[in-house]
Each structure stands twice: as C-alpha cells, then as structure tokens.
file query_27.tsv (TSV, C-alpha atoms and all ligand atoms)
chain	number	residue	atom	x	y	z
D	55	MET	CA	14.75	97.31	-34.96
D	56	LYS	CA	18.36	97.78	-33.89
D	57	LYS	CA	19.21	99.40	-37.19
D	58	VAL	CA	16.36	101.89	-36.76
D	59	THR	CA	17.65	102.90	-33.30
D	60	VAL	CA	21.18	103.40	-34.62
D	61	MET	CA	19.87	105.53	-37.45
D	62	ALA	CA	17.75	107.61	-35.09
D	63	ILE	CA	20.79	108.27	-32.88
D	64	ALA	CA	22.91	109.17	-35.90
D	65	ALA	CA	20.23	111.58	-37.09
D	66	ALA	CA	19.97	113.20	-33.64
D	67	LEU	CA	23.74	113.64	-33.44
D	68	SER	CA	24.01	115.23	-36.85
D	69	VAL	CA	21.20	117.66	-36.02
D	70	SER	CA	22.96	118.85	-32.86
D	71	SER	CA	26.28	119.30	-34.69
D	72	VAL	CA	24.54	121.32	-37.38
D	73	PHE	CA	23.32	123.61	-34.60
D	74	ALA	CA	26.77	123.97	-33.07
D	75	SER	CA	28.39	124.80	-36.42
D	76	GLU	CA	25.63	127.32	-37.21
D	77	GLY	CA	26.40	128.89	-33.80
D	78	GLU	CA	30.11	128.93	-34.57
D	79	LYS	CA	29.44	130.70	-37.88
D	80	ILE	CA	27.39	133.38	-36.13
D	81	PHE	CA	30.04	133.74	-33.43
D	82	LYS	CA	32.72	134.36	-36.06
D	83	SER	CA	30.63	136.57	-38.35
D	84	LYS	CA	29.60	138.91	-35.49
D	85	GLY	CA	33.21	139.59	-34.52
D	86	CYS	CA	32.98	137.83	-31.14
D	87	THR	CA	36.33	136.11	-31.71
D	88	VAL	CA	38.12	139.45	-31.33
D	89	CYS	CA	37.62	139.27	-27.55
D	90	HIS	CA	36.73	135.63	-26.89
D	91	LYS	CA	39.03	132.66	-27.47
D	92	ALA	CA	38.08	129.06	-26.80
D	93	ASN	CA	40.34	128.27	-23.86
D	94	ILE	CA	42.23	131.38	-22.77
D	95	ASN	CA	40.94	134.57	-21.21
D	96	THR	CA	41.90	137.57	-23.37
D	97	VAL	CA	39.95	140.86	-23.47
D	98	GLY	CA	36.87	138.83	-22.61
D	99	PRO	CA	36.55	135.58	-20.69
D	100	SER	CA	37.26	132.36	-22.64
D	101	LEU	CA	34.30	130.38	-23.96
D	102	LYS	CA	35.34	127.59	-21.61
D	103	HIS	CA	35.12	129.94	-18.63
D	104	ILE	CA	31.75	131.35	-19.75
D	105	SER	CA	30.45	127.82	-20.22
D	106	GLU	CA	31.69	126.75	-16.76
D	107	VAL	CA	30.10	129.74	-15.00
D	108	TYR	CA	26.75	129.25	-16.80
D	109	LYS	CA	26.71	125.56	-15.87
D	110	GLN	CA	27.77	126.21	-12.25
D	111	LYS	CA	25.25	129.00	-11.65
D	112	ASN	CA	22.59	127.43	-13.84
D	113	GLY	CA	22.46	130.66	-15.87
D	114	ASP	CA	20.19	131.28	-18.84
D	115	LEU	CA	22.56	132.07	-21.72
D	116	VAL	CA	19.75	132.45	-24.28
D	117	ALA	CA	18.12	135.13	-22.11
D	118	TYR	CA	21.48	136.91	-21.68
D	119	LEU	CA	22.17	136.90	-25.44
D	120	LYS	CA	18.71	138.35	-26.05
D	121	GLY	CA	19.43	141.12	-23.58
D	122	ASN	CA	16.91	139.80	-21.05
D	123	ALA	CA	19.27	138.69	-18.28
D	124	LYS	CA	22.14	140.30	-16.39
D	125	ALA	CA	25.80	139.36	-16.86
D	126	ILE	CA	26.94	136.72	-14.39
D	127	VAL	CA	30.50	135.95	-15.54
D	128	ASP	CA	32.29	139.26	-14.97
D	129	PRO	CA	29.62	141.91	-14.27
D	130	SER	CA	32.23	144.63	-13.55
D	131	LYS	CA	33.15	144.54	-17.28
D	132	ALA	CA	29.59	144.11	-18.56
D	133	ALA	CA	29.59	147.62	-20.11
D	134	MET	CA	32.28	146.53	-22.58
D	135	MET	CA	30.18	143.58	-23.69
D	136	LYS	CA	26.88	145.44	-23.94
D	137	ASN	CA	27.44	146.93	-27.42
D	138	TYR	CA	28.04	143.48	-28.86
D	139	LEU	CA	24.65	142.24	-27.75
D	140	LYS	CA	22.91	144.81	-29.97
D	141	PRO	CA	23.73	143.18	-33.36
D	142	LEU	CA	22.27	139.93	-31.98
D	143	LYS	CA	18.79	141.49	-31.89
D	144	SER	CA	18.36	140.71	-35.60
D	145	LEU	CA	18.89	136.97	-35.05
D	146	SER	CA	16.03	134.48	-34.89
D	147	ASP	CA	15.34	132.42	-31.74
D	148	GLU	CA	16.88	129.39	-33.48
D	149	GLN	CA	20.06	131.33	-34.28
D	150	ILE	CA	20.37	132.59	-30.69
D	151	LYS	CA	19.88	129.04	-29.43
D	152	ALA	CA	22.57	127.79	-31.84
D	153	LEU	CA	24.94	130.52	-30.64
D	154	ALA	CA	24.28	129.61	-26.98
D	155	ASP	CA	24.79	125.90	-27.75
D	156	PHE	CA	28.09	126.67	-29.45
D	157	ILE	CA	29.35	128.65	-26.42
D	158	LEU	CA	28.16	126.00	-23.96
D	159	SER	CA	29.84	123.22	-25.98
D	160	HIS	CA	33.22	124.41	-24.61
F	201	LIG	C1	35.33	144.27	-27.30
F	201	LIG	C2	35.45	142.96	-26.73
F	201	LIG	C3	34.27	142.00	-26.82
F	201	LIG	C4	33.60	141.57	-27.95
F	201	LIG	C5	33.82	141.95	-29.40
F	201	LIG	C6	32.61	140.59	-27.47
F	201	LIG	N1	32.70	140.44	-26.11
F	201	LIG	FE1	31.63	139.12	-24.98
F	201	LIG	N2	32.53	139.86	-23.31
F	201	LIG	C7	33.53	140.84	-23.27
F	201	LIG	C8	33.92	141.11	-21.89
F	201	LIG	C9	34.95	142.09	-21.42
F	201	LIG	C10	33.10	140.25	-21.11
F	201	LIG	C11	33.09	140.15	-19.57
F	201	LIG	C12	31.96	140.99	-19.00
F	201	LIG	C13	30.72	140.21	-18.73
F	201	LIG	O1	30.80	139.10	-18.19
F	201	LIG	O2	29.64	140.74	-19.02
F	201	LIG	C14	32.24	139.49	-22.02
F	201	LIG	C15	31.31	138.55	-21.62
F	201	LIG	C16	30.56	137.75	-22.48
F	201	LIG	C17	29.64	136.72	-22.06
F	201	LIG	C18	29.33	136.37	-20.61
F	201	LIG	C19	28.22	137.28	-20.10
F	201	LIG	C20	27.95	137.16	-18.63
F	201	LIG	O3	26.96	136.52	-18.25
F	201	LIG	O4	28.73	137.72	-17.82
F	201	LIG	C21	29.10	136.17	-23.18
F	201	LIG	C22	28.06	135.05	-23.26
F	201	LIG	C23	29.68	136.86	-24.31
F	201	LIG	N3	30.57	137.81	-23.86
F	201	LIG	C24	29.37	136.59	-25.63
F	201	LIG	C25	29.81	137.37	-26.70
F	201	LIG	C26	29.31	137.24	-28.06
F	201	LIG	C27	28.27	136.22	-28.51
F	201	LIG	C28	29.96	138.17	-28.81
F	201	LIG	C29	29.77	138.51	-30.28
F	201	LIG	C30	28.41	138.94	-30.65
F	201	LIG	C31	30.87	138.90	-27.92
F	201	LIG	N4	30.74	138.38	-26.65
F	201	LIG	C32	31.72	139.93	-28.31
F	201	LIG	C33	34.10	141.45	-24.36
F	201	LIG	C34	33.69	141.29	-25.67

call {"tool": "encode", "arguments": {"input": "query_27.tsv", "output": "structure tokens"}}
result
Amino acid sequence: MKKVTVMAIAAALSVSSVFASEGEKIFKSKGCTVCHKANINTVGPSLKHISEVYKQKNGDLVAYLKGNAKAIVDPSKAAMMKNYLKPLKSLSDEQIKALADFILSH
C-alpha cells in the first residue's frame, strides 16, 4: 500500500515538472526571454515579480495570456507587451497552461 502511494506521488511530481519544462520551452522559443529574466526587472518585469503580483491579486494568468484579461502588473507599459501576446494565439490550452505554470513557478 505504502509503495503504491509513493509511486503515485512520484508520478504526480513528474507530470507537473513535465508541464513546467514544456512551459519553459515555449517561453524561450517565443522570444519572451529578451524582455523577461527570472529574478531581475529588465525591459519587462521579472518572472518573480509577475508571479508575486498574480498571486497577491489572485489574477488569472491563463486568461491574460489568451488575451482575455487586462494587464495587472504594469498596465502603463501594457502596449509594449501586447504584440507578444499575438503569437500565443496558435498555442493549445494545454500549452498556455504550461506557460502560465512556468511563469508562476518563480
Ligand atoms: C519587447 C519586450 C517584451 C517581450 C519580448 C515580452 N514582454 Fe512580457 N512584458 C513586457 C513589458 C514591458 C511588460 C509590463 C507591462 C504589463 O504589465 O503589461 C510585460 C508584462 C508581461 C506579463 C504581465 C502582464 C500583466 O498582467 O501586467 C506577462 C505575463 C508577460 N509579460 C509574459 C510574456 C510572455 C509569455 C512573452 C513571450 C511570448 C513576453 N512577455 C514577451 C515586455 C515584453
């Protein structure tokens, strides 16, 4: 019984890390790293800062990435970010979720 539980937990953990690495791949392949670093604010806010704001304000990152919710991190610069949401339209729901999970893992 114990062994089964341990295996179930291990399986659950590996599934979530697969999602995060899929999200990381998308993040890199779509050129997001040009303006977003993990821990320091550059042209865009750091992933850590985005993650903190979304958790604090209980924001819906999936909706934002799909273009269905307004910017909540730094709305005065939202115009700069807008163009980079367009290439995300071709992603599946699972890929958007993986991307959001990757950002929120910071
Ligand atoms: C040319 C620079 C640039 C690129 C490239 C870029 N961003 Fe941004 N991003 C910004 C700036 C500036 C902001 C701050 C404005 C804002 O909060 O909307 C921002 C904000 C964000 C936010 C917070 C939105 C909010 O609620 O305020 C997310 C999430 C985000 N970017 C994700 C991405 C992803 C994913 C990509 C790649 C597809 C990407 N960014 C590419 C400049 C960029």

call {"tool": "closest_residue", "arguments": {"input": "query_27.tsv", "among": "D:Val127, D:His90, D:Ser100, D:Ser83", "to": "Asn112 of chain D", "atoms": "all atoms listed in the file"}}
result
D:Val127

call {"tool": "atom_distance", "arguments": {"input": "query_27.tsv", "atom1": "atom CA of Lys143 of chain D", "atom2": "atom CA of Gln110 of chain D"}}
result
26.5 Å

call {"tool": "residues_around", "arguments": {"input": "query_27.tsv", "residues": "Lys102 of chain D", "least_positions_apart": "5", "cutoff": "9 Å", "atoms": "all atoms listed in the file", "output": "list of chain:residue names"}}
result
D:Lys91, D:Ala92, D:Asn93, D:Ile94, D:Asn95, D:Val107, D:Ile157, D:Leu158, D:Ser159, D:His160

call {"tool": "residues_near_ligand", "arguments": {"input": "query_27.tsv", "ligand": "ligand LIG 201 (chain F)", "cutoff": "9 Å", "atoms": "all atoms listed in the file", "output": "PyMOL selection string"}}
result
chain D and resi 80-90+96-101+103-105+107-108+113-116+118-119+123-142+150+153-154+157

call {"tool": "atom_distance", "arguments": {"input": "query_27.tsv", "atom1": "atom CA of Ala117 of chain D", "atom2": "atom CA of Lys151 of chain D"}}
result
9.7 Å

call {"tool": "atom_distance", "arguments": {"input": "query_27.tsv", "atom1": "atom CA of Lys111 of chain D", "atom2": "atom CA of Lys79 of chain D"}}
result
26.6 Å

call {"tool": "build_atoms", "arguments": {"input": "query_27.tsv", "residues": "segment 119-138 of chain D", "atoms": "N, CA and C atoms", "output": "PDB file, in the frame of the given file"}}
result
ATOM      1  N   LEU D 119      21.853 136.501 -24.063  1.00  0.00           N
ATOM      2  CA  LEU D 119      22.170 136.900 -25.440  1.00  0.00           C
ATOM      3  C   LEU D 119      21.043 137.724 -26.068  1.00  0.00           C
ATOM      4  N   LYS D 120      19.834 137.550 -25.560  1.00  0.00           N
ATOM      5  CA  LYS D 120      18.710 138.350 -26.050  1.00  0.00           C
ATOM      6  C   LYS D 120      18.599 139.678 -25.318  1.00  0.00           C
ATOM      7  N   GLY D 121      19.465 139.879 -24.338  1.00  0.00           N
ATOM      8  CA  GLY D 121      19.430 141.120 -23.580  1.00  0.00           C
ATOM      9  C   GLY D 121      18.398 141.109 -22.461  1.00  0.00           C
ATOM     10  N   ASN D 122      17.951 139.903 -22.081  1.00  0.00           N
ATOM     11  CA  ASN D 122      16.910 139.800 -21.050  1.00  0.00           C
ATOM     12  C   ASN D 122      17.420 139.309 -19.698  1.00  0.00           C
ATOM     13  N   ALA D 123      18.737 139.132 -19.567  1.00  0.00           N
ATOM     14  CA  ALA D 123      19.270 138.690 -18.280  1.00  0.00           C
ATOM     15  C   ALA D 123      20.592 139.394 -18.029  1.00  0.00           C
ATOM     16  N   LYS D 124      20.904 139.597 -16.750  1.00  0.00           N
ATOM     17  CA  LYS D 124      22.140 140.300 -16.390  1.00  0.00           C
ATOM     18  C   LYS D 124      23.371 139.425 -16.590  1.00  0.00           C
ATOM     19  N   ALA D 125      24.537 140.076 -16.761  1.00  0.00           N
ATOM     20  CA  ALA D 125      25.800 139.360 -16.860  1.00  0.00           C
ATOM     21  C   ALA D 125      26.113 138.664 -15.544  1.00  0.00           C
ATOM     22  N   ILE D 126      26.603 137.444 -15.623  1.00  0.00           N
ATOM     23  CA  ILE D 126      26.940 136.720 -14.390  1.00  0.00           C
ATOM     24  C   ILE D 126      28.409 136.281 -14.368  1.00  0.00           C
ATOM     25  N   VAL D 127      29.124 136.437 -15.496  1.00  0.00           N
ATOM     26  CA  VAL D 127      30.500 135.950 -15.540  1.00  0.00           C
ATOM     27  C   VAL D 127      31.455 136.990 -14.939  1.00  0.00           C
ATOM     28  N   ASP D 128      31.398 138.198 -15.449  1.00  0.00           N
ATOM     29  CA  ASP D 128      32.290 139.260 -14.970  1.00  0.00           C
ATOM     30  C   ASP D 128      31.544 140.601 -15.041  1.00  0.00           C
ATOM     31  N   PRO D 129      30.525 140.750 -14.175  1.00  0.00           N
ATOM     32  CA  PRO D 129      29.620 141.910 -14.270  1.00  0.00           C
ATOM     33  C   PRO D 129      30.348 143.265 -14.235  1.00  0.00           C
ATOM     34  N   SER D 130      31.533 143.343 -13.629  1.00  0.00           N
ATOM     35  CA  SER D 130      32.230 144.630 -13.550  1.00  0.00           C
ATOM     36  C   SER D 130      32.663 145.106 -14.945  1.00  0.00           C
ATOM     37  N   LYS D 131      32.763 144.168 -15.911  1.00  0.00           N
ATOM     38  CA  LYS D 131      33.150 144.540 -17.280  1.00  0.00           C
ATOM     39  C   LYS D 131      31.963 144.459 -18.244  1.00  0.00           C
ATOM     40  N   ALA D 132      30.771 144.331 -17.721  1.00  0.00           N
ATOM     41  CA  ALA D 132      29.590 144.110 -18.560  1.00  0.00           C
ATOM     42  C   ALA D 132      29.375 145.242 -19.566  1.00  0.00           C
ATOM     43  N   ALA D 133      29.790 146.483 -19.212  1.00  0.00           N
ATOM     44  CA  ALA D 133      29.590 147.620 -20.110  1.00  0.00           C
ATOM     45  C   ALA D 133      30.311 147.404 -21.436  1.00  0.00           C
ATOM     46  N   MET D 134      31.477 146.773 -21.381  1.00  0.00           N
ATOM     47  CA  MET D 134      32.280 146.530 -22.580  1.00  0.00           C
ATOM     48  C   MET D 134      31.563 145.548 -23.509  1.00  0.00           C
ATOM     49  N   MET D 135      30.850 144.638 -22.938  1.00  0.00           N
ATOM     50  CA  MET D 135      30.180 143.580 -23.690  1.00  0.00           C
ATOM     51  C   MET D 135      28.850 144.058 -24.275  1.00  0.00           C
ATOM     52  N   LYS D 136      28.241 145.015 -23.606  1.00  0.00           N
ATOM     53  CA  LYS D 136      26.880 145.440 -23.940  1.00  0.00           C
ATOM     54  C   LYS D 136      26.654 145.781 -25.420  1.00  0.00           C
ATOM     55  N   ASN D 137      27.585 146.520 -26.019  1.00  0.00           N
ATOM     56  CA  ASN D 137      27.440 146.930 -27.420  1.00  0.00           C
ATOM     57  C   ASN D 137      27.374 145.745 -28.374  1.00  0.00           C
ATOM     58  N   TYR D 138      27.981 144.642 -27.979  1.00  0.00           N
ATOM     59  CA  TYR D 138      28.040 143.480 -28.860  1.00  0.00           C
ATOM     60  C   TYR D 138      26.797 142.616 -28.767  1.00  0.00           C
TER      61      TYR D 138
END
